[in-house]
Amino acid sequence: MSGKPKTAISPTRGEDYPEWYQQVIKAADLAEVSPVRGCMVIKPWGYALWENMQRVLDRMFKDTGHQNAYFPLFIPMSFLEQEAKHVDGFAKECAVVTHHRLEPGPDGGLVPAGPLEEPLIVRPTSETIIGAMYAKWVQSYRDLPIKINQWANVVRWELRTRLFLRTAEFLWQEGHTAHATSEEAWDETRLMLDVYADFAENYMAMPVLKGEKTAGERFPGAVSTVSIESMMQDLKALQAGTSHFLGQNFSKAQDIKFQDQHGQEVHAWTTSWGVSTRLVGALIMTHSDDDGLVLPPRLAPSHVVILPIYRNDEERASVIEYCQKLAARTREVNYDGQAVRVEIDDRDLRGGEKKWYHVKRGVPIRVEVGPRDVQADGVFVGRRDQPKSAGSSREEFLANLPTILAEMQQGLFDRAAEFREKNTVRLDTLDEFKQYFAEDAPGGFAWCHWSESPEMEQQLKQLKVTARNIPIGQEPEDGKCIFTGQPSSTRAVFARAY
RNA sequence: CGGGGUGUAGCGCAGUCUGGCUAGCGCAUCUGCUUUGGGAGCAGAGGGUCGUAGGUUCGAAUCCUAUCACCCCGACCA
């Protein structure tokens with residue numbers, strides 16, 4: 001016995017960040033690697049978190065005029081060949097289905113049989129298959145706009161995978177819209193970016209930078225890609241969501257055209273936008289600490305866990321009864337427009353062990369109830385964002401619960417925002433830039449004047465830094481690109497990234 | 001996909017160089033007793049065709065060949 005560790009997660013963030021990340025996922029029981037290369041199994045606690053994200057986002061999509069639908073998992077290979085730039089971006093990393101039958105093989109195994117006339121691609125994204133349907137559905141300007149979202153799984157044959165951040169198969173939503181005018185499609189692109197930013201900041205408690213991607217970081221085939229970018233606790237950036245203005249590139253390739261009010265035949269303007277289970281990774285790396293997962297209350301699968309403490313059957317009976325009543329009362333409390341989510345953990349485990357189990361899983365509030373609390377009609381309350389627990393009366397606890405949860409939600413956002421602020425700089429020379437992103441330097445977010453150029457690409461590659469985006473809403477400012485000296489009026493944010 | 005590394009019990013590892021007792025240890029699991037407002041103590045038990053397939057040998061976790069998977073570094077990352 002080496003004594004009680006100081007932290008529940010080992011190594012700590014400071015010791016080995018990537019390993020810490022893996023250990024948090026394991027300790028919180030969010031997911032596991034599966035027998036299938038590059039694919040993960042999302043476990044109940046992790047999936048419940050994803051379901052909460054889905055629920056909120058789905059409501060937001062519907063509130064902005066979108067409808068859900070479902071398109072096929074398989075895409076004919078010829079569809080992917082339609083848009084030239086799209087081909088460049090996706091061709092290499094797709095799973096391809098070439099047969100439609102299995103037959104007994106020579107060694108008692110199975111061999112694929114029945115070759116397909118045209119190979120099918122497992123969707124890496126659905127622009128092409130959805131576009132093909134839109135081409136049928138759109139004849140007149142009266143058919144527009146079409147605003148559809150789908151919740152689906154997609155496959156991108158990634159070589160280096162990390163749970164939630166990059167897996168070969170992942171869950172996401174993809175919105176696909178078609179519009180009569182460029183302006184309308186642009187508005188849609190920006191509106192959905194706002195939805196994502198709203199979700200990230202107000203539900204995930206994760207501050208984000210909204211901005212436009214540089215040409216090099218754009219979605220293949222898009223005219224413009226905008227993104228939300230956030231800072232993880234190791235100072236690396238993570239792209240948390242993207243929204244694409246596709247112009248008429250896809251509609252021309254797929255013949256999505258209509259007659260406008262003047263009888264003119266015109267190609268539609270399309271957009272697409274998505275967020276994925278990567279958000280779970282973002283959530284982990286934004287808030288969690290050396291004792292495990294920390295969840296923002298608005299997305300936590302459980303807000304409150306009640307831990308009964310007793311020594312014998314007699315105590316057990318009265319404590320459990322008290323806990324059940326407490327749980328019922330807690331469910332009557334309203335937080336964020338819903339009943340507070342509460343569970344009782346009555347497993348036959350030692351108190352300390354049980355407590356740490358829920359600390360590691362990030363449950364916002366722990367309520368410990370023993371015989372003394374039953375006597376006093378009290379509770380012993382621990383908050384995930386504070387090290388110490390404290391006693392209070394039952395009524396006081398119930399009355400304060402919504403405030404405490406709201407306070408925790410805000411507290412997480414404030415702490416993350418402050419962290420990003422502290423690790424953000426404005427740099428005006430290449431020397432400063434090189435120093436800031438030197439191998440042994442911590443790095444962070446650097447706002448710099450820039451211009452799209454081979455010089456920039458080369459410097460960035462050397463320093464393992466990427467242009468994250470060009471934040472929206474900057475005051476125009478006269479400056480010079482730090483790489484080329486070209487005049488520049490806006491800054492881009494640079495960082496090492498996931 | 002290139003370079004390097006690792007596959008031995010659910011998890012983490014020793015043993016491999018130099019082939020040879022019955023393949024071990026820690027944690028976890030199960031049982032009993034003790035403990036009980038805090039990640040328990042003692043005693044006992046279960047669990048392994050040593051990644052897989054060939055080969056060398058009287059004998060292979062150990063040597064050879066192939067293959068698969070995972071990790072790290074690069075390339076890539078919509």
# chains A, B, ... in the order shown; residues from 1 in each chain; ligands from 1
$ interface_residues --of "chain B" --to "chain A" --cutoff "10 Å" --atoms "only C-alpha atoms (C1' of nucleotides)" --output "number ranges by chain"
B: 1, 26-27, 36-40, 69-70, 76-78
$ residues_around --residues "A:Pro11" --least-positions-apart "3" --cutoff "9 Å" --atoms "only C-alpha atoms (C1' of nucleotides)" --output "ChimeraX atom specification"
/A:7,14-17,19-20,23,290
$ residues_around --residues "B:C50" --least-positions-apart "6" --cutoff "10 Å" --atoms "only C-alpha atoms (C1' of nucleotides)" --output "list in words"
G7, U8, A23, A61 and U62 of chain B
$ residues_around --residues "A:Arg426" --least-positions-apart "2" --cutoff "7 Å" --atoms "only C-alpha atoms (C1' of nucleotides)" --output "list in words"
Asp428, Ala446, Trp447 and Cys448 of chain A
$ residues_around --residues "stretch 434-445 of chain A" --least-positions-apart "2" --cutoff "8 Å" --atoms "only C-alpha atoms (C1' of nucleotides)" --output "PDB file with N, CA, C and O atoms, in the first residue's frame"
ATOM      1  N   MET A 231      -9.845  26.815 -26.374  1.00  0.00           N
ATOM      2  CA  MET A 231      -8.527  26.502 -25.828  1.00  0.00           C
ATOM      3  C   MET A 231      -8.637  25.414 -24.769  1.00  0.00           C
ATOM      4  O   MET A 231      -9.411  25.529 -23.826  1.00  0.00           O
ATOM      5  N   LEU A 235      -3.207  24.356 -23.527  1.00  0.00           N
ATOM      6  CA  LEU A 235      -2.996  25.522 -24.378  1.00  0.00           C
ATOM      7  C   LEU A 235      -3.112  25.219 -25.865  1.00  0.00           C
ATOM      8  O   LEU A 235      -2.834  26.080 -26.695  1.00  0.00           O
ATOM      9  N   LYS A 236      -3.521  24.007 -26.202  1.00  0.00           N
ATOM     10  CA  LYS A 236      -3.755  23.718 -27.614  1.00  0.00           C
ATOM     11  C   LYS A 236      -5.186  24.091 -27.976  1.00  0.00           C
ATOM     12  O   LYS A 236      -6.084  24.067 -27.143  1.00  0.00           O
ATOM     13  N   ALA A 237      -5.356  24.396 -29.269  1.00  0.00           N
ATOM     14  CA  ALA A 237      -6.682  24.778 -29.753  1.00  0.00           C
ATOM     15  C   ALA A 237      -7.441  23.553 -30.223  1.00  0.00           C
ATOM     16  O   ALA A 237      -6.841  22.579 -30.683  1.00  0.00           O
ATOM     17  N   ARG A 420      -8.124  31.291 -20.858  1.00  0.00           N
ATOM     18  CA  ARG A 420      -7.823  31.626 -22.250  1.00  0.00           C
ATOM     19  C   ARG A 420      -7.244  33.034 -22.342  1.00  0.00           C
ATOM     20  O   ARG A 420      -6.273  33.268 -23.062  1.00  0.00           O
ATOM     21  N   ASN A 423      -3.691  33.299 -21.456  1.00  0.00           N
ATOM     22  CA  ASN A 423      -2.786  32.628 -22.377  1.00  0.00           C
ATOM     23  C   ASN A 423      -2.988  33.067 -23.823  1.00  0.00           C
ATOM     24  O   ASN A 423      -2.787  32.298 -24.758  1.00  0.00           O
ATOM     25  N   THR A 424      -3.423  34.310 -23.977  1.00  0.00           N
ATOM     26  CA  THR A 424      -3.609  34.878 -25.304  1.00  0.00           C
ATOM     27  C   THR A 424      -2.745  36.126 -25.428  1.00  0.00           C
ATOM     28  O   THR A 424      -2.672  36.928 -24.499  1.00  0.00           O
ATOM     29  N   VAL A 425      -2.052  36.234 -26.577  1.00  0.00           N
ATOM     30  CA  VAL A 425      -1.190  37.412 -26.782  1.00  0.00           C
ATOM     31  C   VAL A 425      -1.418  37.978 -28.185  1.00  0.00           C
ATOM     32  O   VAL A 425      -1.964  37.312 -29.059  1.00  0.00           O
ATOM     33  N   LEU A 430       7.821  38.363 -36.399  1.00  0.00           N
ATOM     34  CA  LEU A 430       8.067  36.934 -36.570  1.00  0.00           C
ATOM     35  C   LEU A 430       8.955  36.387 -35.453  1.00  0.00           C
ATOM     36  O   LEU A 430       8.788  35.257 -35.003  1.00  0.00           O
ATOM     37  N   ASP A 431       9.897  37.223 -34.989  1.00  0.00           N
ATOM     38  CA  ASP A 431      10.777  36.780 -33.901  1.00  0.00           C
ATOM     39  C   ASP A 431       9.989  36.449 -32.641  1.00  0.00           C
ATOM     40  O   ASP A 431      10.202  35.417 -32.013  1.00  0.00           O
ATOM     41  N   GLU A 432       9.096  37.357 -32.297  1.00  0.00           N
ATOM     42  CA  GLU A 432       8.258  37.111 -31.116  1.00  0.00           C
ATOM     43  C   GLU A 432       7.445  35.828 -31.309  1.00  0.00           C
ATOM     44  O   GLU A 432       7.284  35.030 -30.391  1.00  0.00           O
ATOM     45  N   TRP A 447      -2.606  36.321 -31.595  1.00  0.00           N
ATOM     46  CA  TRP A 447      -3.320  37.082 -32.622  1.00  0.00           C
ATOM     47  C   TRP A 447      -2.276  37.843 -33.426  1.00  0.00           C
ATOM     48  O   TRP A 447      -1.539  38.653 -32.854  1.00  0.00           O
ATOM     49  N   LEU A 463       7.032  25.259 -37.105  1.00  0.00           N
ATOM     50  CA  LEU A 463       6.773  25.473 -35.669  1.00  0.00           C
ATOM     51  C   LEU A 463       5.634  24.591 -35.154  1.00  0.00           C
ATOM     52  O   LEU A 463       5.283  24.646 -33.979  1.00  0.00           O
ATOM     53  N   VAL A 465       2.580  24.936 -35.802  1.00  0.00           N
ATOM     54  CA  VAL A 465       1.503  25.846 -35.427  1.00  0.00           C
ATOM     55  C   VAL A 465       0.536  25.924 -36.594  1.00  0.00           C
ATOM     56  O   VAL A 465       0.919  25.724 -37.743  1.00  0.00           O
ATOM     57  N   VAL A 493      -5.856  34.043 -35.528  1.00  0.00           N
ATOM     58  CA  VAL A 493      -5.403  33.435 -34.280  1.00  0.00           C
ATOM     59  C   VAL A 493      -4.597  32.184 -34.613  1.00  0.00           C
ATOM     60  O   VAL A 493      -5.056  31.331 -35.368  1.00  0.00           O
ATOM     61  N   PHE A 494      -3.395  32.123 -34.069  1.00  0.00           N
ATOM     62  CA  PHE A 494      -2.515  30.990 -34.311  1.00  0.00           C
ATOM     63  C   PHE A 494      -2.331  30.196 -33.033  1.00  0.00           C
ATOM     64  O   PHE A 494      -2.282  30.764 -31.933  1.00  0.00           O
ATOM     65  N   ALA A 495      -2.217  28.892 -33.184  1.00  0.00           N
ATOM     66  CA  ALA A 495      -2.008  28.026 -32.018  1.00  0.00           C
ATOM     67  C   ALA A 495      -1.604  26.637 -32.482  1.00  0.00           C
ATOM     68  O   ALA A 495      -1.812  26.281 -33.636  1.00  0.00           O
ATOM     69  N   ARG A 496      -1.030  25.903 -31.576  1.00  0.00           N
ATOM     70  CA  ARG A 496      -0.930  24.470 -31.814  1.00  0.00           C
ATOM     71  C   ARG A 496      -2.331  23.906 -31.634  1.00  0.00           C
ATOM     72  O   ARG A 496      -3.110  24.434 -30.854  1.00  0.00           O
TER      73      ARG A 496
END
$ select_by_dssp --residues "stretch 318-460 of chain A" --states "strand (DSSP E or B)" --output "VMD selection string"
chain A and resid 334 to 335 338 to 339 342 to 344 365 to 369 378 to 383 389 to 393 424 to 426 445 to 449
$ write_last_selection --atoms "N, CA and C atoms" --output "tab-separated table (two decimals), in the first residue's frame"
chain	number	residue	atom	x	y	z
A	334	ASN	N	-36.70	22.84	-9.71
A	334	ASN	CA	-36.52	23.14	-11.12
A	334	ASN	C	-35.17	23.81	-11.36
A	335	TYR	N	-34.42	23.26	-12.31
A	335	TYR	CA	-33.18	23.91	-12.72
A	335	TYR	C	-33.12	23.91	-14.23
A	338	GLN	N	-36.05	22.35	-16.12
A	338	GLN	CA	-36.37	20.93	-15.98
A	338	GLN	C	-36.22	20.50	-14.52
A	339	ALA	N	-36.76	19.30	-14.24
A	339	ALA	CA	-36.58	18.74	-12.91
A	339	ALA	C	-35.09	18.45	-12.70
A	342	VAL	N	-31.53	13.50	-10.27
A	342	VAL	CA	-30.94	13.00	-9.04
A	342	VAL	C	-30.94	11.48	-9.01
A	343	GLU	N	-29.90	10.89	-8.45
A	343	GLU	CA	-29.85	9.44	-8.27
A	343	GLU	C	-29.36	9.12	-6.87
A	344	ILE	N	-29.80	7.96	-6.37
A	344	ILE	CA	-29.32	7.47	-5.09
A	344	ILE	C	-28.35	6.33	-5.37
A	365	ILE	N	-23.05	17.68	-7.73
A	365	ILE	CA	-23.34	17.77	-6.30
A	365	ILE	C	-23.44	16.38	-5.67
A	366	ARG	N	-22.71	16.18	-4.59
A	366	ARG	CA	-22.83	14.95	-3.81
A	366	ARG	C	-23.54	15.29	-2.50
A	367	VAL	N	-24.52	14.49	-2.17
A	367	VAL	CA	-25.20	14.70	-0.89
A	367	VAL	C	-25.00	13.43	-0.07
A	368	GLU	N	-24.32	13.57	1.04
A	368	GLU	CA	-24.06	12.43	1.90
A	368	GLU	C	-25.02	12.46	3.07
A	369	VAL	N	-25.69	11.34	3.28
A	369	VAL	CA	-26.71	11.28	4.31
A	369	VAL	C	-26.43	10.12	5.26
A	378	GLY	N	-30.94	17.02	8.20
A	378	GLY	CA	-29.93	17.78	7.46
A	378	GLY	C	-29.32	16.97	6.34
A	379	VAL	N	-28.35	17.56	5.66
A	379	VAL	CA	-27.60	16.90	4.61
A	379	VAL	C	-26.16	17.39	4.65
A	380	PHE	N	-25.26	16.61	4.07
A	380	PHE	CA	-23.86	17.01	4.00
A	380	PHE	C	-23.52	17.13	2.52
A	381	VAL	N	-23.23	18.33	2.08
A	381	VAL	CA	-23.17	18.61	0.65
A	381	VAL	C	-21.76	18.87	0.17
A	382	GLY	N	-21.35	18.14	-0.89
A	382	GLY	CA	-20.06	18.38	-1.52
A	382	GLY	C	-20.26	18.86	-2.94
A	383	ARG	N	-19.52	19.88	-3.33
A	383	ARG	CA	-19.60	20.40	-4.70
A	383	ARG	C	-18.37	19.94	-5.46
A	389	SER	N	-16.66	19.69	1.76
A	389	SER	CA	-18.10	19.51	1.92
A	389	SER	C	-18.57	20.32	3.12
A	390	ALA	N	-19.87	20.56	3.19
A	390	ALA	CA	-20.41	21.32	4.31
A	390	ALA	C	-21.82	20.86	4.63
A	391	GLY	N	-22.17	20.91	5.90
A	391	GLY	CA	-23.51	20.51	6.31
A	391	GLY	C	-24.50	21.65	6.12
A	392	SER	N	-25.74	21.26	5.90
A	392	SER	CA	-26.80	22.28	5.89
A	392	SER	C	-28.11	21.59	6.19
A	393	SER	N	-29.14	22.39	6.44
A	393	SER	CA	-30.45	21.77	6.66
A	393	SER	C	-31.00	21.33	5.32
A	424	THR	N	-3.42	34.31	-23.98
A	424	THR	CA	-3.61	34.88	-25.30
A	424	THR	C	-2.74	36.13	-25.43
A	425	VAL	N	-2.05	36.23	-26.58
A	425	VAL	CA	-1.19	37.41	-26.78
A	425	VAL	C	-1.42	37.98	-28.19
A	426	ARG	N	-1.01	39.21	-28.37
A	426	ARG	CA	-0.97	39.82	-29.70
A	426	ARG	C	0.50	39.99	-30.05
A	445	PHE	N	-2.65	31.13	-27.50
A	445	PHE	CA	-3.28	31.75	-28.68
A	445	PHE	C	-2.53	33.03	-29.02
A	446	ALA	N	-2.10	33.17	-30.27
A	446	ALA	CA	-1.42	34.39	-30.70
A	446	ALA	C	-2.21	35.04	-31.81
A	447	TRP	N	-2.61	36.32	-31.60
A	447	TRP	CA	-3.32	37.08	-32.62
A	447	TRP	C	-2.28	37.84	-33.43
A	448	CYS	N	-2.23	37.60	-34.74
A	448	CYS	CA	-1.19	38.22	-35.56
A	448	CYS	C	-1.75	38.65	-36.91
A	449	HIS	N	-1.12	39.71	-37.43
A	449	HIS	CA	-1.42	40.08	-38.81
A	449	HIS	C	-0.83	39.03	-39.73
$ atom_distance --atom1 "atom CA of A:Gly263" --atom2 "atom CA of A:Ile148"
26.0 Å
$ select_by_dssp --residues "stretch 19-82 of chain A" --states "helix (DSSP H, G or I)" --output "PyMOL selection string"
chain A and resi 19-27+44-63+77-80
$ residues_around --residues "A:Ile25" --least-positions-apart "5" --cutoff "12 Å" --atoms "only C-alpha atoms (C1' of nucleotides)" --output "ChimeraX atom specification"
/A:9,18-20,30-33,40-43,45-46,162-165,280-281,283-285,288-289,291-294,360-362
$ write_last_selection --atoms "C-alpha atoms" --output "mmCIF file, in the first residue's frame"
data_model
loop_
_atom_site.group_PDB
_atom_site.id
_atom_site.type_symbol
_atom_site.label_atom_id
_atom_site.label_comp_id
_atom_site.auth_asym_id
_atom_site.auth_seq_id
_atom_site.Cartn_x
_atom_site.Cartn_y
_atom_site.Cartn_z
ATOM 1 C CA ILE A 9 -6.175 10.731 -11.585
ATOM 2 C CA PRO A 18 -2.351 13.172 -23.085
ATOM 3 C CA GLU A 19 -2.144 10.307 -20.601
ATOM 4 C CA TRP A 20 -4.203 12.282 -18.085
ATOM 5 C CA LEU A 30 -17.104 7.487 -20.572
ATOM 6 C CA ALA A 31 -15.745 5.228 -23.314
ATOM 7 C CA GLU A 32 -13.352 2.456 -24.239
ATOM 8 C CA VAL A 33 -11.389 1.466 -27.283
ATOM 9 C CA MET A 40 -14.693 3.428 -29.662
ATOM 10 C CA VAL A 41 -17.446 2.098 -27.476
ATOM 11 C CA ILE A 42 -19.291 4.954 -25.822
ATOM 12 C CA LYS A 43 -20.389 3.765 -22.401
ATOM 13 C CA TRP A 45 -22.230 7.733 -18.732
ATOM 14 C CA GLY A 46 -20.537 9.115 -21.837
ATOM 15 C CA ARG A 162 -7.820 9.327 -29.805
ATOM 16 C CA LEU A 163 -11.023 8.671 -27.924
ATOM 17 C CA PHE A 164 -13.653 11.288 -28.788
ATOM 18 C CA LEU A 165 -11.141 13.641 -30.457
ATOM 19 C CA VAL A 280 -17.242 15.413 -25.440
ATOM 20 C CA GLY A 281 -13.454 15.516 -25.735
ATOM 21 C CA LEU A 283 -15.675 19.264 -22.585
ATOM 22 C CA ILE A 284 -13.252 16.940 -20.818
ATOM 23 C CA MET A 285 -10.187 18.977 -21.709
ATOM 24 C CA SER A 288 -11.694 18.408 -15.853
ATOM 25 C CA ASP A 289 -9.048 18.374 -13.132
ATOM 26 C CA ASP A 291 -9.502 14.280 -9.657
ATOM 27 C CA GLY A 292 -11.333 13.427 -12.859
ATOM 28 C CA LEU A 293 -14.210 14.675 -14.943
ATOM 29 C CA VAL A 294 -15.906 17.986 -14.183
ATOM 30 C CA LYS A 360 -14.214 11.007 -10.869
ATOM 31 C CA ARG A 361 -17.413 10.951 -12.914
ATOM 32 C CA GLY A 362 -17.929 14.647 -12.390
#
$ atom_distance --atom1 "atom CA of A:Pro72" --atom2 "atom CA of A:Ser243"
21.7 Å
$ residues_around --residues "B:G54" --least-positions-apart "2" --cutoff "12 Å" --atoms "only C-alpha atoms (C1' of nucleotides)" --output "PyMOL selection string"
chain B and resi 52+56+64-67
$ write_last_selection --atoms "all heavy atoms" --output "CSV table (one decimal), in the first residue's frame"
chain,number,residue,atom,x,y,z
B,52,U,P,-1.6,-16.4,-28.6
B,52,U,OP1,-2.5,-17.3,-27.8
B,52,U,OP2,-0.1,-16.5,-28.4
B,52,U,O5',-1.9,-16.5,-30.1
B,52,U,C5',-3.2,-16.3,-30.6
B,52,U,C4',-3.2,-16.2,-32.1
B,52,U,O4',-2.5,-15.1,-32.6
B,52,U,C3',-2.4,-17.4,-32.8
B,52,U,O3',-3.2,-18.6,-32.9
B,52,U,C2',-2.1,-16.8,-34.1
B,52,U,O2',-3.2,-16.8,-35.0
B,52,U,C1',-1.7,-15.4,-33.8
B,52,U,N1,-0.3,-15.2,-33.5
B,52,U,C2,0.5,-15.0,-34.6
B,52,U,O2,0.1,-15.1,-35.8
B,52,U,N3,1.8,-14.8,-34.3
B,52,U,C4,2.4,-14.7,-33.1
B,52,U,O4,3.6,-14.6,-33.0
B,52,U,C5,1.5,-14.9,-32.0
B,52,U,C6,0.2,-15.1,-32.2
B,56,U,P,11.0,-28.0,-38.1
B,56,U,OP1,11.5,-29.0,-39.0
B,56,U,OP2,9.9,-28.3,-37.1
B,56,U,O5',12.2,-27.3,-37.3
B,56,U,C5',13.3,-26.8,-38.0
B,56,U,C4',14.3,-26.3,-37.0
B,56,U,O4',13.7,-25.1,-36.4
B,56,U,C3',14.6,-27.2,-35.8
B,56,U,O3',15.6,-28.1,-36.2
B,56,U,C2',15.2,-26.2,-34.8
B,56,U,O2',16.5,-25.7,-35.1
B,56,U,C1',14.2,-25.0,-35.0
B,56,U,N1,13.0,-25.0,-34.2
B,56,U,C2,13.2,-24.5,-32.9
B,56,U,O2,14.2,-24.1,-32.5
B,56,U,N3,12.1,-24.6,-32.1
B,56,U,C4,10.8,-25.1,-32.4
B,56,U,O4,9.9,-25.1,-31.6
B,56,U,C5,10.7,-25.6,-33.8
B,56,U,C6,11.8,-25.5,-34.6
B,64,C,P,15.4,-14.3,-32.7
B,64,C,OP1,16.3,-13.2,-33.1
B,64,C,OP2,14.1,-14.0,-32.0
B,64,C,O5',15.2,-15.2,-33.9
B,64,C,C5',16.2,-15.6,-34.8
B,64,C,C4',15.7,-16.4,-36.0
B,64,C,O4',15.1,-17.6,-35.5
B,64,C,C3',14.5,-15.7,-36.7
B,64,C,O3',15.0,-14.8,-37.7
B,64,C,C2',13.8,-16.9,-37.4
B,64,C,O2',14.5,-17.4,-38.5
B,64,C,C1',13.9,-18.0,-36.3
B,64,C,N1,12.7,-18.0,-35.4
B,64,C,C2,11.6,-18.7,-35.8
B,64,C,O2,11.6,-19.2,-36.9
B,64,C,N3,10.5,-18.7,-35.0
B,64,C,C4,10.5,-18.2,-33.8
B,64,C,N4,9.5,-18.3,-33.0
B,64,C,C5,11.7,-17.5,-33.3
B,64,C,C6,12.8,-17.4,-34.1
B,65,U,P,14.1,-13.5,-38.1
B,65,U,OP1,14.9,-12.6,-38.9
B,65,U,OP2,13.5,-13.0,-36.8
B,65,U,O5',12.9,-14.2,-38.9
B,65,U,C5',13.2,-14.7,-40.2
B,65,U,C4',12.0,-15.3,-40.8
B,65,U,O4',11.5,-16.4,-40.0
B,65,U,C3',10.8,-14.4,-40.9
B,65,U,O3',10.8,-13.5,-42.0
B,65,U,C2',9.6,-15.3,-41.0
B,65,U,O2',9.5,-15.9,-42.3
B,65,U,C1',10.1,-16.5,-40.0
B,65,U,N1,9.5,-16.3,-38.7
B,65,U,C2,8.2,-16.8,-38.5
B,65,U,O2,7.6,-17.3,-39.4
B,65,U,N3,7.7,-16.6,-37.2
B,65,U,C4,8.4,-16.1,-36.1
B,65,U,O4,7.9,-16.0,-35.0
B,65,U,C5,9.8,-15.6,-36.4
B,65,U,C6,10.2,-15.8,-37.7
B,66,A,P,10.1,-12.0,-41.8
B,66,A,OP1,10.5,-11.2,-43.0
B,66,A,OP2,10.4,-11.5,-40.5
B,66,A,O5',8.6,-12.4,-41.9
B,66,A,C5',8.1,-12.9,-43.2
B,66,A,C4',6.7,-13.5,-42.9
B,66,A,O4',6.7,-14.5,-41.9
B,66,A,C3',5.6,-12.5,-42.5
B,66,A,O3',5.1,-11.7,-43.5
B,66,A,C2',4.6,-13.4,-41.8
B,66,A,O2',3.8,-14.1,-42.8
B,66,A,C1',5.5,-14.5,-41.2
B,66,A,N9,5.7,-14.2,-39.8
B,66,A,C8,6.8,-13.6,-39.2
B,66,A,N7,6.7,-13.5,-37.9
B,66,A,C5,5.5,-13.9,-37.6
B,66,A,C6,4.8,-14.0,-36.4
B,66,A,N6,5.2,-13.6,-35.2
B,66,A,N1,3.5,-14.5,-36.4
B,66,A,C2,3.0,-14.9,-37.6
B,66,A,N3,3.6,-14.8,-38.8
B,66,A,C4,4.8,-14.3,-38.7
B,67,U,P,4.6,-10.3,-43.3
B,67,U,OP1,4.1,-9.7,-44.6
B,67,U,OP2,5.5,-9.5,-42.4
B,67,U,O5',3.2,-10.5,-42.4
B,67,U,C5',2.1,-11.2,-42.9
B,67,U,C4',1.1,-11.5,-41.9
B,67,U,O4',1.8,-12.3,-40.9
B,67,U,C3',0.6,-10.3,-41.1
B,67,U,O3',-0.4,-9.6,-41.7
B,67,U,C2',0.1,-10.9,-39.8
B,67,U,O2',-1.1,-11.6,-40.0
B,67,U,C1',1.2,-12.0,-39.6
B,67,U,N1,2.3,-11.5,-38.7
B,67,U,C2,2.1,-11.6,-37.3
B,67,U,O2,1.0,-12.0,-36.9
B,67,U,N3,3.1,-11.1,-36.6
B,67,U,C4,4.3,-10.7,-37.0
B,67,U,O4,5.2,-10.3,-36.2
B,67,U,C5,4.5,-10.7,-38.4
B,67,U,C6,3.5,-11.1,-39.2
$ closest_residue --among "A:His287, A:His244, A:Lys136, A:Arg316" --to "A:Lys257" --atoms "only C-alpha atoms"
A:Lys136
$ atom_distance --atom1 "atom CA of A:Gly65" --atom2 "atom CA of A:Val195"
12.3 Å
